[in-house]
$ cat coords-v9.csv   # CSV, C-alpha atoms
chain,number,residue,atom,x,y,z
A,265,MET,CA,-25.5,-23.8,30.6
A,266,ASN,CA,-26.2,-20.7,32.7
A,267,LEU,CA,-28.8,-18.0,31.9
A,268,LYS,CA,-26.3,-15.5,30.5
A,269,LYS,CA,-24.8,-18.0,28.1
A,270,THR,CA,-28.2,-19.2,27.0
A,271,LEU,CA,-29.4,-15.6,26.2
A,272,LEU,CA,-26.2,-14.9,24.3
A,273,LEU,CA,-26.7,-18.1,22.3
A,274,LEU,CA,-30.3,-17.2,21.6
A,275,ALA,CA,-29.3,-13.7,20.4
A,276,PHE,CA,-26.7,-15.2,18.1
A,277,ILE,CA,-29.4,-17.6,16.6
A,278,VAL,CA,-31.8,-14.7,16.1
A,279,PHE,CA,-29.3,-12.4,14.5
A,280,GLY,CA,-27.5,-15.1,12.6
A,281,GLY,CA,-30.7,-16.5,11.2
A,282,ASN,CA,-31.4,-13.2,9.4
A,283,ALA,CA,-28.7,-13.6,6.7
A,284,ASN,CA,-30.5,-14.0,3.5
A,285,ALA,CA,-28.6,-15.6,0.5
A,286,GLY,CA,-30.0,-15.4,-3.0
A,287,LEU,CA,-30.4,-13.4,-6.2
A,288,ILE,CA,-30.5,-9.7,-5.8
A,289,VAL,CA,-30.5,-9.1,-9.6
A,290,ASP,CA,-32.2,-11.6,-11.9
A,291,GLN,CA,-32.0,-10.8,-15.7
A,292,SER,CA,-31.2,-14.4,-16.4
A,293,PHE,CA,-31.0,-15.8,-19.9
A,294,ASN,CA,-34.4,-16.9,-21.1
A,295,PRO,CA,-34.2,-20.0,-23.4
A,296,ALA,CA,-37.8,-19.4,-24.4
A,297,ASN,CA,-36.8,-16.1,-26.1
A,298,ILE,CA,-33.2,-16.6,-27.3
A,299,ILE,CA,-33.1,-14.6,-30.6
A,300,THR,CA,-33.2,-11.1,-29.0
A,301,GLY,CA,-29.8,-9.8,-30.0
A,302,ALA,CA,-26.5,-9.4,-28.3
A,303,ASN,CA,-23.8,-6.6,-28.0
A,304,PHE,CA,-20.1,-6.6,-28.7
A,305,SER,CA,-18.3,-6.4,-25.4
A,306,GLN,CA,-14.6,-7.1,-25.7
A,307,GLY,CA,-11.5,-5.4,-24.6
A,308,SER,CA,-12.0,-1.7,-24.1
A,309,SER,CA,-15.3,-1.9,-26.1
A,310,SER,CA,-17.4,-2.7,-23.1
A,311,ILE,CA,-21.2,-2.6,-22.8
A,312,PHE,CA,-22.8,-1.4,-19.6
A,313,ASP,CA,-26.2,-2.4,-18.2
A,314,ASP,CA,-28.0,-0.9,-15.3
A,315,PHE,CA,-29.3,-2.7,-12.2
A,316,THR,CA,-30.8,-1.7,-8.8
A,317,ILE,CA,-30.5,-3.4,-5.4
A,318,LEU,CA,-32.9,-2.6,-2.6
A,319,ASP,CA,-30.7,-3.5,0.4
A,320,ALA,CA,-27.0,-3.3,1.1
A,321,ALA,CA,-25.4,-6.6,0.0
A,322,ASN,CA,-22.2,-8.6,0.2
A,323,VAL,CA,-22.0,-9.8,-3.4
A,324,GLN,CA,-20.7,-13.3,-3.8
A,325,GLU,CA,-21.1,-14.2,-7.5
A,326,ILE,CA,-21.9,-12.5,-10.8
A,327,SER,CA,-23.2,-14.6,-13.7
A,328,MET,CA,-23.7,-13.5,-17.3
A,329,TRP,CA,-24.5,-15.2,-20.7
A,330,GLY,CA,-22.8,-14.6,-23.9
A,331,GLY,CA,-20.5,-16.3,-26.4
A,332,TYR,CA,-17.4,-16.3,-28.6
A,333,TRP,CA,-19.0,-15.8,-32.0
A,334,THR,CA,-17.9,-15.3,-35.6
A,335,SER,CA,-15.4,-18.2,-35.8
A,336,GLY,CA,-16.8,-19.7,-32.6
A,337,VAL,CA,-13.3,-20.4,-31.2
A,338,GLN,CA,-13.1,-20.3,-27.4
A,339,PRO,CA,-9.9,-19.3,-25.5
A,340,ALA,CA,-8.1,-21.6,-23.1
A,341,SER,CA,-9.0,-19.3,-20.2
A,342,PHE,CA,-12.1,-17.2,-19.8
A,343,ASP,CA,-10.7,-13.8,-18.7
A,344,PHE,CA,-13.0,-10.8,-18.2
A,345,ARG,CA,-13.0,-7.3,-16.9
A,346,ILE,CA,-15.9,-6.4,-14.6
A,347,GLN,CA,-16.5,-2.8,-13.8
A,348,ILE,CA,-19.3,-1.4,-11.7
A,349,ARG,CA,-20.2,2.3,-11.6
A,350,SER,CA,-22.5,4.3,-9.4
A,351,SER,CA,-23.6,6.3,-12.4
A,352,ALA,CA,-23.1,6.3,-16.1
A,353,ASN,CA,-20.0,8.5,-15.7
A,354,ALA,CA,-16.7,6.7,-16.1
A,355,SER,CA,-15.3,8.6,-13.0
A,356,ASP,CA,-17.9,7.0,-10.7
A,357,VAL,CA,-16.2,3.6,-10.5
A,358,VAL,CA,-16.9,1.5,-7.3
A,359,PHE,CA,-15.5,-1.8,-8.5
A,360,ASP,CA,-13.0,-2.6,-11.3
A,361,ALA,CA,-11.2,-6.0,-11.5
A,362,LEU,CA,-9.9,-8.6,-13.9
A,363,VAL,CA,-11.5,-11.9,-13.2
A,364,THR,CA,-11.5,-15.4,-14.6
A,365,ALA,CA,-14.8,-17.4,-14.8
A,366,PHE,CA,-14.6,-20.3,-12.4
A,367,ASN,CA,-17.4,-22.0,-14.2
A,368,VAL,CA,-18.4,-22.0,-17.9
A,369,SER,CA,-21.3,-24.1,-19.1
A,370,ASP,CA,-23.0,-24.4,-22.4
A,371,THR,CA,-26.8,-23.6,-22.4
A,372,GLY,CA,-27.3,-25.9,-25.4
A,373,PHE,CA,-28.7,-22.9,-27.3
A,374,ASN,CA,-27.2,-20.9,-30.2
A,375,HIS,CA,-27.7,-17.3,-31.0
A,376,ASN,CA,-29.5,-16.8,-34.3
A,377,ASN,CA,-29.3,-20.6,-34.8
A,378,SER,CA,-25.6,-20.3,-35.7
A,379,GLN,CA,-23.3,-23.3,-35.0
A,380,PHE,CA,-20.6,-20.7,-34.3
A,381,ALA,CA,-22.7,-18.9,-31.7
A,382,ASP,CA,-23.0,-21.1,-28.6
A,383,ILE,CA,-24.7,-19.3,-25.8
A,384,LEU,CA,-22.6,-19.9,-22.7
A,385,ARG,CA,-23.1,-19.1,-19.0
A,386,PHE,CA,-20.1,-17.6,-17.1
A,387,ASP,CA,-19.9,-17.5,-13.3
A,388,PHE,CA,-17.5,-15.2,-11.5
A,389,ASN,CA,-16.5,-15.2,-7.8
A,390,VAL,CA,-16.5,-11.6,-6.5
A,391,ALA,CA,-16.7,-12.4,-2.7
A,392,GLY,CA,-15.8,-9.3,-0.7
A,393,LEU,CA,-17.7,-6.9,-3.0
A,394,MET,CA,-20.0,-4.7,-0.9
A,395,LEU,CA,-22.7,-2.6,-2.5
A,396,ASN,CA,-25.0,-0.2,-0.8
A,397,ALA,CA,-28.7,0.0,-1.8
A,398,GLY,CA,-29.1,2.0,-5.0
A,399,SER,CA,-28.7,2.0,-8.8
A,400,TYR,CA,-25.6,0.9,-10.6
A,401,PHE,CA,-24.1,0.2,-14.0
A,402,ILE,CA,-22.1,-2.9,-14.7
A,403,GLY,CA,-19.8,-3.6,-17.7
A,404,ILE,CA,-18.5,-7.1,-18.4
A,405,SER,CA,-16.0,-7.5,-21.3
A,406,SER,CA,-13.9,-10.4,-22.5
A,407,GLN,CA,-10.1,-9.9,-22.3
A,408,ASN,CA,-9.2,-13.0,-24.3
A,409,THR,CA,-10.4,-14.1,-27.7
A,410,LEU,CA,-8.8,-16.1,-30.6
A,411,ASN,CA,-8.7,-16.4,-34.3
A,412,GLY,CA,-10.9,-13.5,-35.2
A,413,THR,CA,-13.6,-14.5,-32.7
A,414,ASN,CA,-15.6,-11.7,-31.1
A,415,PHE,CA,-17.3,-11.8,-27.7
A,416,TYR,CA,-20.9,-10.7,-27.5
A,417,TRP,CA,-23.0,-10.3,-24.3
A,418,GLN,CA,-26.4,-11.9,-24.8
A,419,ARG,CA,-29.5,-9.7,-24.3
A,420,THR,CA,-32.6,-11.0,-22.6
A,421,ASP,CA,-35.0,-8.6,-24.2
A,422,ILE,CA,-35.1,-5.6,-26.5
A,423,SER,CA,-37.3,-2.6,-25.8
A,424,SER,CA,-38.4,-0.1,-28.5
A,425,LEU,CA,-36.2,2.8,-29.4
A,426,ASN,CA,-38.7,5.0,-27.5
A,427,GLY,CA,-38.2,3.0,-24.3
A,428,ASN,CA,-35.6,3.6,-21.6
A,429,ILE,CA,-32.0,3.2,-22.3
A,430,SER,CA,-30.7,0.5,-20.0
A,431,ALA,CA,-27.4,-0.3,-21.7
A,432,PHE,CA,-24.7,1.8,-23.3
A,433,GLY,CA,-21.2,1.6,-24.8
A,434,ASN,CA,-18.2,2.5,-22.6
A,435,ASN,CA,-17.6,5.7,-24.6
A,436,LEU,CA,-21.3,6.8,-24.1
A,437,THR,CA,-21.6,7.6,-27.8
A,438,THR,CA,-23.4,4.4,-28.7
A,439,SER,CA,-26.5,3.0,-26.9
A,440,SER,CA,-28.5,-0.1,-27.1
A,441,TRP,CA,-31.9,-0.8,-25.7
A,442,GLY,CA,-33.0,-3.7,-23.5
A,443,ASN,CA,-31.6,-5.8,-20.7
A,444,HIS,CA,-28.6,-8.0,-20.9
A,445,ALA,CA,-28.4,-11.5,-19.5
A,446,LEU,CA,-27.1,-11.0,-16.0
A,447,ALA,CA,-27.6,-12.4,-12.5
A,448,ILE,CA,-26.0,-11.2,-9.2
A,449,SER,CA,-26.1,-13.4,-6.0
A,450,SER,CA,-25.3,-12.1,-2.6
A,451,THR,CA,-25.7,-12.5,1.2
A,452,THR,CA,-27.6,-9.7,2.7
A,453,ALA,CA,-27.7,-9.0,6.4
A,454,SER,CA,-31.3,-8.3,7.5
A,455,VAL,CA,-31.6,-7.0,11.1
A,456,PRO,CA,-35.1,-7.3,12.8
A,457,GLU,CA,-36.9,-4.1,13.8
A,458,PRO,CA,-36.2,-3.2,17.5
A,459,SER,CA,-39.8,-3.8,18.6
A,460,SER,CA,-40.0,-7.2,16.9
A,461,PHE,CA,-36.6,-8.2,18.3
A,462,ALA,CA,-37.7,-7.1,21.9
A,463,VAL,CA,-40.9,-9.2,21.7
A,464,MET,CA,-38.9,-12.2,20.4
A,465,MET,CA,-36.3,-11.9,23.2
A,466,LEU,CA,-38.9,-11.5,25.9
A,467,GLY,CA,-40.5,-14.7,24.7
A,468,LEU,CA,-37.2,-16.6,24.7
A,469,PHE,CA,-36.4,-15.2,28.1
A,470,GLY,CA,-39.7,-16.4,29.4
A,471,LEU,CA,-39.0,-19.9,28.1
A,472,VAL,CA,-35.6,-20.0,29.7
A,473,MET,CA,-37.0,-18.8,33.1
A,474,ARG,CA,-39.8,-21.3,33.0
A,475,LYS,CA,-37.3,-24.1,32.4
A,476,LYS,CA,-35.2,-22.9,35.3
A,477,ILE,CA,-38.2,-22.8,37.6
A,478,LEU,CA,-39.3,-26.3,36.6
A,479,SER,CA,-35.9,-27.7,37.1
A,480,LYS,CA,-35.7,-26.6,40.7

$ encode --input "coords-v9.csv" --output "structure tokens"
Amino acid sequence: MNLKKTLLLLAFIVFGGNANAGLIVDQSFNPANIITGANFSQGSSSIFDDFTILDAANVQEISMWGGYWTSGVQPASFDFRIQIRSSANASDVVFDALVTAFNVSDTGFNHNNSQFADILRFDFNVAGLMLNAGSYFIGISSQNTLNGTNFYWQRTDISSLNGNISAFGNNLTTSSWGNHALAISSTTASVPEPSSFAVMMLGLFGLVMRKKILSK
């Protein structure tokens, strides 16, 4: 391999190695504190919750926790509407799609100890969703229920009425307090600072040149 190809390969390794995958929002369901309430989020009656990301991200998956409660009857397919807004205003929509959960798993816990209130985890594939760093609001609502069953989005905590409003109804006339059970995973592209990258490349270049000299 000649010097040019070697340097190109090293640059690819350096840049390619700075893609970080993982949770950018973690308000996951907490089994140690399960009786914290839930909010009706079905059809056009969608609950929104706020979240913030620090770096631009290519979102891969969105997970949430909730259940089909009242009669406890689950539909044959788990269809939801996910909408993301850049503000609380309905006009500031950056993502709006109907999606079907590719994975649904039972946490083994019930809300309020009800046999008709299984707390389930829903995973959605949203690959291709790009979000810039900033604050957003997300609404997730069930589009498919059966036999009088309602869908409720599980909350992870409830703050006092004097605390900050972190969730609200889609019509903005009703509000709830606390965070809802939500997790967002992504791949973020992290580029090294120019000075750090220059030092790294000089070191790699030195190693390549040393090898070439020793091989002569």

$ residues_around --input "coords-v9.csv" --residues "A:Ile402" --least-positions-apart "5" --cutoff "12 Å" --atoms "only C-alpha atoms" --output "MDAnalysis selection string"
chainID A and resid 289 305 310:316 326:328 345:354 356:361 430:434 443:448

$ residues_around --input "coords-v9.csv" --residues "A:Phe304" --least-positions-apart "4" --cutoff "10 Å" --atoms "all atoms listed in the file" --output "MDAnalysis selection string"
chainID A and resid 309:311 330:331 333 405:406 414:418 433

$ closest_residue --input "coords-v9.csv" --among "A:Ala340, A:Ala320, A:Ala302, A:Ala296" --to "A:Leu395" --atoms "only C-alpha atoms"
A:Ala320

$ atom_distance --input "coords-v9.csv" --atom1 "atom CA of A:Asp370" --atom2 "atom CA of A:Phe388"
15.3 Å

$ atom_distance --input "coords-v9.csv" --atom1 "atom CA of A:Ile383" --atom2 "atom CA of A:Asn294"
11.0 Å

$ closest_residue --input "coords-v9.csv" --among "A:Gln324, A:Gln306, A:Thr420, A:Ser450" --to "A:Asp343" --atoms "only C-alpha atoms"
A:Gln306

$ atom_distance --input "coords-v9.csv" --atom1 "atom CA of A:Asn322" --atom2 "atom CA of A:Ala391"
7.3 Å
